[in-house]
>>> print(open('upload-v1.cif').read())   # mmCIF, C-alpha atoms
data_target
#
loop_
_atom_site.label_atom_id
_atom_site.label_comp_id
_atom_site.auth_asym_id
_atom_site.auth_seq_id
_atom_site.Cartn_x
_atom_site.Cartn_y
_atom_site.Cartn_z
CA MET A 1 -36.60 -31.94 -279.27
CA GLU A 2 -39.18 -34.22 -277.67
CA LYS A 3 -42.32 -32.41 -276.59
CA LYS A 4 -42.91 -32.42 -272.84
CA ASN A 5 -46.14 -33.64 -271.33
CA CYS A 6 -45.60 -31.78 -268.05
CA TYR A 7 -44.27 -28.26 -267.43
CA SER A 8 -43.29 -26.70 -264.12
CA GLY A 9 -42.49 -23.36 -262.54
CA VAL A 10 -41.97 -21.96 -259.06
CA ILE A 11 -43.16 -18.85 -257.32
CA LYS A 12 -40.80 -17.31 -254.76
CA ASN A 13 -41.71 -14.21 -252.80
CA GLY A 14 -44.60 -13.65 -255.17
CA LEU A 15 -42.39 -13.73 -258.28
CA LEU A 16 -42.67 -16.30 -261.06
CA GLN A 17 -39.36 -18.09 -261.65
CA ASN A 18 -38.13 -20.88 -263.93
CA ILE A 19 -41.42 -20.84 -265.86
CA GLU A 20 -41.23 -23.43 -268.65
CA ASN A 21 -44.49 -22.59 -270.40
CA GLU A 22 -46.82 -19.58 -270.67
CA GLU A 23 -49.71 -21.75 -269.45
CA ILE A 24 -48.25 -21.64 -265.96
CA SER A 25 -48.47 -17.86 -265.67
CA SER A 26 -52.07 -17.89 -266.85
CA TRP A 27 -53.11 -20.66 -264.46
CA ASN A 28 -51.30 -19.00 -261.58
CA GLU A 29 -53.57 -15.97 -261.91
CA ARG A 30 -56.73 -18.08 -262.20
CA ILE A 31 -55.80 -20.13 -259.15
CA ARG A 32 -55.10 -16.98 -257.16
CA ASN A 33 -58.57 -15.66 -257.99
CA PHE A 34 -60.06 -18.98 -256.88
CA VAL A 35 -58.10 -19.12 -253.61
CA PHE A 36 -59.16 -15.60 -252.63
CA SER A 37 -62.80 -16.08 -253.62
CA SER A 38 -65.52 -15.97 -250.97
CA THR A 39 -66.27 -19.69 -251.32
CA PHE A 40 -62.75 -21.00 -250.71
CA PRO A 41 -62.13 -21.76 -247.00
CA CYS A 42 -58.42 -22.60 -246.70
CA ILE A 43 -56.58 -19.80 -244.91
CA GLY A 44 -53.36 -21.78 -245.31
CA ALA A 45 -53.62 -21.55 -249.10
CA GLN A 46 -54.35 -17.85 -248.85
CA ARG A 47 -51.29 -17.38 -246.64
CA LEU A 48 -49.24 -19.40 -249.12
CA PHE A 49 -50.27 -17.20 -252.04
CA ARG A 50 -49.68 -13.96 -250.16
CA SER A 51 -46.07 -14.33 -249.17
CA PHE A 52 -44.67 -17.85 -249.34
CA GLU A 53 -43.37 -20.26 -251.94
CA TYR A 54 -45.09 -22.83 -254.11
CA GLY A 55 -44.79 -24.67 -257.39
CA ILE A 56 -47.15 -25.12 -260.32
CA ILE A 57 -47.04 -28.07 -262.70
CA VAL A 58 -49.22 -28.39 -265.80
CA CYS A 59 -49.69 -31.93 -267.17
CA ASN A 60 -51.22 -32.03 -270.64
CA LYS A 61 -52.10 -35.71 -270.42
CA LYS A 62 -54.76 -37.64 -268.51
CA PHE A 63 -54.31 -39.41 -265.16
CA LYS A 64 -54.48 -42.87 -266.75
CA ASP A 65 -51.96 -42.10 -269.48
CA ASP A 66 -48.94 -44.21 -268.57
CA VAL A 67 -46.46 -41.62 -269.86
CA VAL A 68 -47.60 -39.09 -267.23
CA ALA A 69 -46.08 -40.63 -264.09
CA PRO A 70 -42.34 -40.26 -264.90
CA GLU A 71 -42.68 -36.61 -265.97
CA PHE A 72 -45.07 -35.95 -263.09
CA CYS A 73 -42.47 -37.27 -260.62
CA GLU A 74 -39.49 -35.53 -262.22
CA ASN A 75 -41.28 -32.19 -262.08
CA ILE A 76 -42.21 -32.81 -258.44
CA TYR A 77 -38.55 -33.54 -257.66
CA LYS A 78 -37.46 -30.39 -259.48
CA VAL A 79 -39.88 -28.17 -257.56
CA GLN A 80 -39.07 -29.85 -254.23
CA LYS A 81 -35.38 -29.15 -254.80
CA SER A 82 -36.01 -25.56 -255.86
CA LEU A 83 -38.11 -24.90 -252.75
CA ASN A 84 -35.64 -26.65 -250.39
CA TYR A 85 -38.05 -29.33 -249.17
CA LYS A 86 -35.36 -31.59 -247.71
CA GLU A 87 -33.77 -28.85 -245.63
CA ILE A 88 -36.90 -27.17 -244.31
CA SER A 89 -38.67 -30.46 -243.55
CA GLN A 90 -36.27 -30.79 -240.59
CA SER A 91 -36.84 -27.24 -239.39
CA LEU A 92 -38.98 -26.23 -236.40
CA ASP A 93 -39.82 -22.96 -238.15
CA LEU A 94 -43.06 -22.62 -240.09
CA ASN A 95 -42.33 -22.91 -243.82
CA PHE A 96 -45.42 -22.98 -246.02
CA ARG A 97 -44.88 -24.98 -249.20
CA SER A 98 -47.22 -26.63 -251.69
CA ILE A 99 -47.15 -27.95 -255.24
CA ILE A 100 -50.18 -27.46 -257.47
CA VAL A 101 -50.59 -29.92 -260.35
CA LEU A 102 -53.11 -29.10 -263.09
CA PHE A 103 -54.59 -31.46 -265.69
CA PRO A 104 -56.30 -29.26 -268.34
CA LYS A 105 -56.93 -32.23 -270.69
CA GLN A 106 -58.57 -34.45 -268.05
CA THR A 107 -62.29 -34.91 -267.56
CA PHE A 108 -64.10 -37.25 -265.16
CA LEU A 109 -67.44 -38.95 -265.72
CA SER A 110 -68.27 -38.80 -262.02
CA GLU A 111 -66.82 -38.27 -258.58
CA GLU A 112 -66.13 -42.00 -258.30
CA ASP A 113 -64.32 -41.93 -261.65
CA ALA A 114 -62.14 -39.13 -260.30
CA GLU A 115 -61.14 -41.23 -257.29
CA THR A 116 -60.39 -44.32 -259.37
CA SER A 117 -58.34 -42.25 -261.82
CA LEU A 118 -56.39 -40.64 -258.99
CA TRP A 119 -55.29 -43.99 -257.60
CA TYR A 120 -54.44 -45.25 -261.06
CA LEU A 121 -52.13 -42.25 -261.38
CA TYR A 122 -50.63 -42.87 -257.94
CA ARG A 123 -50.06 -46.53 -258.75
CA ASN A 124 -47.86 -45.48 -261.67
CA VAL A 125 -46.30 -42.63 -259.69
CA HIS A 126 -45.26 -44.99 -256.93
CA LYS A 127 -43.88 -47.51 -259.44
CA TYR A 128 -41.56 -44.82 -260.78
CA ASP A 129 -40.87 -43.02 -257.52
CA SER A 130 -39.90 -46.20 -255.66
CA THR A 131 -36.94 -46.69 -258.00
CA HIS A 132 -35.55 -43.31 -256.91
CA TYR A 133 -36.68 -42.72 -253.31
CA LYS A 134 -37.73 -44.64 -250.21
CA TRP A 135 -41.10 -44.03 -248.62
CA ASP A 136 -41.11 -41.21 -246.05
CA VAL A 137 -40.06 -43.00 -242.87
CA GLY A 138 -42.58 -41.16 -240.69
CA PHE A 139 -45.60 -42.49 -242.61
CA ASN A 140 -47.25 -45.81 -243.41
CA ASN A 141 -47.38 -46.97 -247.02
CA TYR A 142 -50.63 -48.92 -246.50
CA ILE A 143 -53.57 -46.86 -247.79
CA TYR A 144 -56.00 -48.21 -245.21
CA SER A 145 -53.79 -47.03 -242.38
CA PRO A 146 -54.67 -43.75 -240.59
CA SER A 147 -50.96 -42.91 -240.68
CA PHE A 148 -50.73 -43.17 -244.48
CA GLY A 149 -49.26 -40.22 -246.37
CA MET A 150 -48.60 -40.21 -250.13
CA SER A 151 -44.82 -40.20 -250.42
CA ILE A 152 -43.20 -38.66 -253.50
CA GLY A 153 -39.52 -37.77 -253.56
CA GLY A 154 -39.16 -39.14 -250.01
CA ILE A 155 -41.67 -36.57 -248.67
CA ALA A 156 -45.17 -37.50 -247.47
CA HIS A 157 -48.02 -35.33 -248.71
CA PHE A 158 -51.70 -34.76 -248.07
CA THR A 159 -53.08 -34.43 -251.59
CA PRO A 160 -56.65 -33.12 -252.01
CA LEU A 161 -58.10 -33.40 -255.51
CA LEU A 162 -60.31 -30.60 -256.83
CA HIS A 163 -62.44 -31.03 -259.96
CA PRO A 164 -65.77 -29.89 -261.46
CA ASN A 165 -67.74 -32.95 -260.26
CA ALA A 166 -66.72 -32.78 -256.59
CA SER A 167 -69.67 -33.08 -254.19
CA SER A 168 -68.02 -30.69 -251.75
CA LEU A 169 -68.42 -27.16 -253.09
CA VAL A 170 -65.04 -26.17 -251.68
CA ARG A 171 -63.41 -28.92 -253.78
CA GLN A 172 -64.86 -27.72 -257.08
CA PHE A 173 -62.47 -26.19 -259.64
CA GLU A 174 -62.83 -25.71 -263.38
CA ILE A 175 -60.31 -28.46 -264.20
CA PRO A 176 -58.77 -31.30 -262.16
CA MET A 177 -56.22 -29.85 -259.75
CA LEU A 178 -54.09 -31.78 -257.27
CA ILE A 179 -52.65 -29.92 -254.29
CA LEU A 180 -49.58 -31.61 -252.82
CA ASN A 181 -49.30 -30.31 -249.27
CA PRO A 182 -46.21 -31.71 -247.52
CA HIS A 183 -46.96 -33.14 -244.10
CA PHE A 184 -43.99 -31.33 -242.58
CA VAL A 185 -46.01 -28.10 -242.82
CA PHE A 186 -48.76 -29.58 -240.63
CA LYS A 187 -46.11 -30.76 -238.17
CA GLN A 188 -44.64 -27.27 -238.03
CA LEU A 189 -48.13 -25.80 -237.49
CA ARG A 190 -48.59 -28.15 -234.53
CA ASN A 191 -45.17 -27.26 -233.12
CA LYS A 192 -46.14 -23.58 -233.22
CA GLY A 193 -49.53 -24.29 -231.64
CA TYR A 194 -51.48 -23.05 -234.66
CA PHE A 195 -52.91 -26.28 -236.07
CA ASP A 196 -56.15 -26.66 -234.09
CA GLU A 197 -57.10 -23.02 -234.55
CA TRP A 198 -56.43 -23.06 -238.31
CA ARG A 199 -58.28 -26.37 -238.78
CA ASN A 200 -61.33 -25.07 -236.92
CA VAL A 201 -61.41 -21.84 -238.92
CA ILE A 202 -61.20 -23.78 -242.21
CA ARG A 203 -63.90 -26.31 -241.29
CA ASN A 204 -66.25 -23.66 -239.95
CA LYS A 205 -65.80 -21.78 -243.22
CA GLU A 206 -66.59 -24.98 -245.14
CA LYS A 207 -69.83 -25.37 -243.17
CA GLU A 208 -70.71 -21.77 -243.89
CA VAL A 209 -70.14 -22.18 -247.64
CA GLN A 210 -72.04 -25.50 -247.73
CA SER A 211 -75.05 -24.49 -245.60
CA GLY A 212 -73.89 -26.36 -242.51
CA TRP A 213 -72.74 -29.54 -244.28
CA ILE A 214 -69.21 -30.90 -244.17
CA ASN A 215 -67.99 -34.19 -245.62
CA PRO A 216 -67.90 -36.71 -242.72
CA LYS A 217 -64.68 -38.28 -244.06
CA LEU A 218 -62.70 -35.19 -243.03
CA SER A 219 -60.54 -35.81 -239.97
CA ASP A 220 -57.08 -35.18 -238.55
CA HIS A 221 -54.13 -37.30 -239.66
CA GLY A 222 -53.94 -40.47 -237.58
CA ASP A 223 -57.60 -40.41 -236.50
CA SER A 224 -59.09 -42.10 -239.58
CA LEU A 225 -58.23 -42.88 -243.20
CA GLU A 226 -56.23 -40.11 -244.83
CA ALA A 227 -56.37 -41.71 -248.28
CA SER A 228 -60.17 -41.47 -248.36
CA GLN A 229 -59.88 -37.69 -248.03
CA TYR A 230 -57.82 -37.19 -251.18
CA ALA A 231 -60.71 -37.41 -253.67
CA LEU A 232 -63.26 -36.98 -250.83
CA THR A 233 -66.20 -38.62 -252.55
CA ASN A 234 -69.67 -38.56 -251.01
CA GLU A 235 -69.55 -42.34 -250.58
CA MET A 236 -69.01 -43.36 -246.97
CA VAL A 237 -67.20 -46.61 -247.80
CA PHE A 238 -63.63 -46.18 -249.04
CA ASP A 239 -62.70 -48.96 -251.44
CA ILE A 240 -60.40 -47.99 -254.28
CA GLY A 241 -60.01 -51.56 -255.50
CA ARG A 242 -56.60 -52.59 -256.78
CA CYS A 243 -53.81 -50.35 -255.58
CA PRO A 244 -50.09 -51.04 -255.12
CA PHE A 245 -50.23 -49.99 -251.48
CA THR A 246 -52.97 -52.39 -250.36
CA GLY A 247 -50.75 -55.42 -250.87
CA LYS A 248 -47.98 -54.21 -248.60
CA GLY A 249 -49.87 -54.75 -245.36
CA LYS A 250 -49.77 -52.81 -242.15
CA GLU A 251 -46.34 -51.92 -240.82
#
>>> encode(input="upload-v1.cif", output="structure tokens")
Amino acid sequence: MEKKNCYSGVIKNGLLQNIENEEISSWNERIRNFVFSSTFPCIGAQRLFRSFEYGIIVCNKKFKDDVVAPEFCENIYKVQKSLNYKEISQSLDLNFRSIIVLFPKQTFLSEEDAETSLWYLYRNVHKYDSTHYKWDVGFNNYIYSPSFGMSIGGIAHFTPLLHPNASSLVRQFEIPMLILNPHFVFKQLRNKGYFDEWRNVIRNKEKEVQSGWINPKLSDHGDSLEASQYALTNEMVFDIGRCPFTGKGKE
């Protein structure tokens, strides 16, 4: 049997299910400890871990390894299906969902290297994903558009990258970790009237943890470049160089 490069599992109602590798159980506990630490500001993630559903994927290859993208995508699709993304994305009810992707074998030389590597990964991810799904119709596929959202499996995501070299303390984790937060959750938060309050609590907590500083690239979707917030480098100018999305133009 061919050895897998990526393994997945889902957590439903706090219970591990469909776990393909023991690594996932171990990382689940370490991530929980991180999310509930005093330095982590996201109350949405804490709510997610308390009572809602999420997926964990472990990729034992590096971002720039070309064999990663197909398995990365197939595991995303599997978790999305297991957690009923398609159905609940149309719901007005609040349904917290996220997919956490870990890269234990990956190291970055710098924060800028992390951003470049992320977009290299997404270039290959999109190449594979576009043969299976169309881009989420509610979002632009041009990375310099404020209405961009990284679409995988037909669902747009906001995807913050955490790693040891992140300049923002709240984005520092022991290994590279991608959080795929589907945009439909933010839409549902807005529909319920919770979004502004939650955003303010999170950003105030970030300022508290970082002695009053917050990365100036942070903004609400549609107000400025979303793509620049994924790796959230300390560089003010966002220029990721060659990327498959830049050539598509504004819609």
>>> closest_atom_pairs(input="upload-v1.cif", of="stretch 28-111 of chain A", to="stretch 206-210 of chain A", cutoff="12 Å", atoms="all atoms listed in the file", output="CSV")
residue,atom,partner,partner_atom,distance
A:Ser37,CA,A:Val209,CA,11.3
A:Ser38,CA,A:Val209,CA,8.4
A:Thr39,CA,A:Val209,CA,5.9
A:Phe40,CA,A:Glu206,CA,7.8
A:Pro41,CA,A:Glu206,CA,5.8
A:Cys42,CA,A:Glu206,CA,8.7
A:Ile43,CA,A:Glu206,CA,11.3
>>> residues_near_point(input="upload-v1.cif", point="(-43.5, -23.4, -261.8)", cutoff="7 Å", atoms="only C-alpha atoms", output="compact mmCIF listing (two decimals) with C-alpha atoms, in the coordinates of the input")
# COMPACT_ATOMS: atom_id res chain seq x y z
CA SER A 8 -43.29 -26.70 -264.12
CA GLY A 9 -42.49 -23.36 -262.54
CA VAL A 10 -41.97 -21.96 -259.06
CA ILE A 11 -43.16 -18.85 -257.32
CA GLN A 17 -39.36 -18.09 -261.65
CA ASN A 18 -38.13 -20.88 -263.93
CA ILE A 19 -41.42 -20.84 -265.86
CA ILE A 24 -48.25 -21.64 -265.96
CA GLY A 55 -44.79 -24.67 -257.39
CA ILE A 56 -47.15 -25.12 -260.32
CA ILE A 57 -47.04 -28.07 -262.70
>>> closest_residue(input="upload-v1.cif", among="A:Cys73, A:Ile179, A:Val35, A:Ala227", to="A:His126", atoms="all atoms listed in the file")
A:Cys73
>>> resolve_selection(input="upload-v1.cif", expression="the PyMOL selection byres ((chain A and resi 136) around 7)", output="list in words")
Lys134, Trp135, Val137, Gly138, Phe139, Ser151, Gly154, Ile155 and Ala156 of chain A
>>> write_last_selection(input="upload-v1.cif", atoms="C-alpha atoms", output="PDB file, keeping the file's coordinate frame")
ATOM      1  CA  LYS A 134     -37.730 -44.640-250.210  1.00  0.00           C
ATOM      2  CA  TRP A 135     -41.100 -44.030-248.620  1.00  0.00           C
ATOM      3  CA  VAL A 137     -40.060 -43.000-242.870  1.00  0.00           C
ATOM      4  CA  GLY A 138     -42.580 -41.160-240.690  1.00  0.00           C
ATOM      5  CA  PHE A 139     -45.600 -42.490-242.610  1.00  0.00           C
ATOM      6  CA  SER A 151     -44.820 -40.200-250.420  1.00  0.00           C
ATOM      7  CA  GLY A 154     -39.160 -39.140-250.010  1.00  0.00           C
ATOM      8  CA  ILE A 155     -41.670 -36.570-248.670  1.00  0.00           C
ATOM      9  CA  ALA A 156     -45.170 -37.500-247.470  1.00  0.00           C
TER      10      ALA A 156
END
>>> closest_residue(input="upload-v1.cif", among="A:Leu83, A:Trp119, A:Asn33, A:Val125", to="A:Val67", atoms="only C-alpha atoms")
A:Val125
>>> closest_residue(input="upload-v1.cif", among="A:Leu109, A:Leu225, A:Met177, A:Val68", to="A:Pro146", atoms="all atoms listed in the file")
A:Leu225
>>> closest_residue(input="upload-v1.cif", among="A:Ile31, A:Ser168, A:Tyr77, A:Asn84", to="A:His132", atoms="only C-alpha atoms")
A:Tyr77
>>> resolve_selection(input="upload-v1.cif", expression="the PyMOL selection byres ((chain A and resi 59) around 8)", output="list in words")
Asn5, Cys6, Tyr7, Ile57, Val58, Asn60, Lys61, Lys62, Val68, Phe72, Val101, Leu102, Phe103 and Pro104 of chain A
>>> residues_near_point(input="upload-v1.cif", point="(-47.1, -19.7, -251.9)", cutoff="12 Å", atoms="all atoms listed in the file", output="NGL selection string")
:A and (10-16 or 28 or 31-32 or 35 or 43-56 or 83 or 95-100 or 179 or 181)
>>> atom_distance(input="upload-v1.cif", atom1="atom CA of A:Ile240", atom2="atom CA of A:Gly153")
23.3 Å
>>> atom_distance(input="upload-v1.cif", atom1="atom CA of A:Asn140", atom2="atom CA of A:His163")
26.9 Å
>>> closest_residue(input="upload-v1.cif", among="A:Asp65, A:His157, A:Ile88, A:Leu162", to="A:Leu121", atoms="only C-alpha atoms")
A:Asp65
>>> atom_distance(input="upload-v1.cif", atom1="atom CA of A:Ser117", atom2="atom CA of A:Tyr133")
23.3 Å
>>> axis_aligned_box(input="upload-v1.cif", around="stretch 96-110 of chain A", padding_each_side="8 Å", output="AutoDock Vina command-line options")
--center_x -56.6 --center_y -31.0 --center_z -258.4 --size_x 39.4 --size_y 32.0 --size_z 40.7
>>> decode(input="upload-v1.cif", residues="stretch 90-106 of chain A", atoms="N, CA and C atoms", output="short mmCIF file (atom, residue, chain, number, x, y, z; two decimals), in the first residue's frame")
data_model
loop_
_atom_site.label_atom_id
_atom_site.label_comp_id
_atom_site.auth_asym_id
_atom_site.auth_seq_id
_atom_site.Cartn_x
_atom_site.Cartn_y
_atom_site.Cartn_z
N GLN A 90 -25.36 27.28 3.33
CA GLN A 90 -26.58 27.97 2.91
C GLN A 90 -27.50 28.29 4.08
N SER A 91 -27.11 27.90 5.27
CA SER A 91 -27.96 28.09 6.44
C SER A 91 -27.79 29.48 7.04
N LEU A 92 -28.84 29.99 7.67
CA LEU A 92 -28.78 31.25 8.39
C LEU A 92 -28.33 31.04 9.83
N ASP A 93 -28.35 29.77 10.27
CA ASP A 93 -27.91 29.45 11.62
C ASP A 93 -26.39 29.55 11.72
N LEU A 94 -25.90 29.74 12.93
CA LEU A 94 -24.47 29.85 13.17
C LEU A 94 -23.86 28.46 13.34
N ASN A 95 -23.00 28.08 12.39
CA ASN A 95 -22.38 26.76 12.41
C ASN A 95 -20.87 26.90 12.35
N PHE A 96 -20.21 26.88 13.49
CA PHE A 96 -18.76 27.00 13.50
C PHE A 96 -18.13 25.77 12.87
N ARG A 97 -17.23 26.01 11.92
CA ARG A 97 -16.44 24.96 11.29
C ARG A 97 -15.07 25.51 10.98
N SER A 98 -14.06 24.69 11.05
CA SER A 98 -12.71 25.05 10.62
C SER A 98 -11.96 23.76 10.31
N ILE A 99 -10.91 23.90 9.50
CA ILE A 99 -10.01 22.79 9.21
C ILE A 99 -8.60 23.25 9.54
N ILE A 100 -7.91 22.49 10.37
CA ILE A 100 -6.55 22.81 10.79
C ILE A 100 -5.60 21.89 10.03
N VAL A 101 -4.63 22.49 9.34
CA VAL A 101 -3.67 21.70 8.57
C VAL A 101 -2.27 21.94 9.14
N LEU A 102 -1.63 20.86 9.56
CA LEU A 102 -0.32 20.93 10.20
C LEU A 102 0.77 20.41 9.27
N PHE A 103 1.95 21.05 9.34
CA PHE A 103 3.09 20.64 8.53
C PHE A 103 4.30 20.41 9.44
N PRO A 104 4.38 19.27 10.13
CA PRO A 104 5.46 19.02 11.10
C PRO A 104 6.85 19.02 10.47
N LYS A 105 6.98 18.70 9.17
CA LYS A 105 8.29 18.59 8.53
C LYS A 105 8.76 19.92 7.94
N GLN A 106 7.93 20.94 7.98
CA GLN A 106 8.23 22.21 7.32
C GLN A 106 8.93 23.19 8.26
#
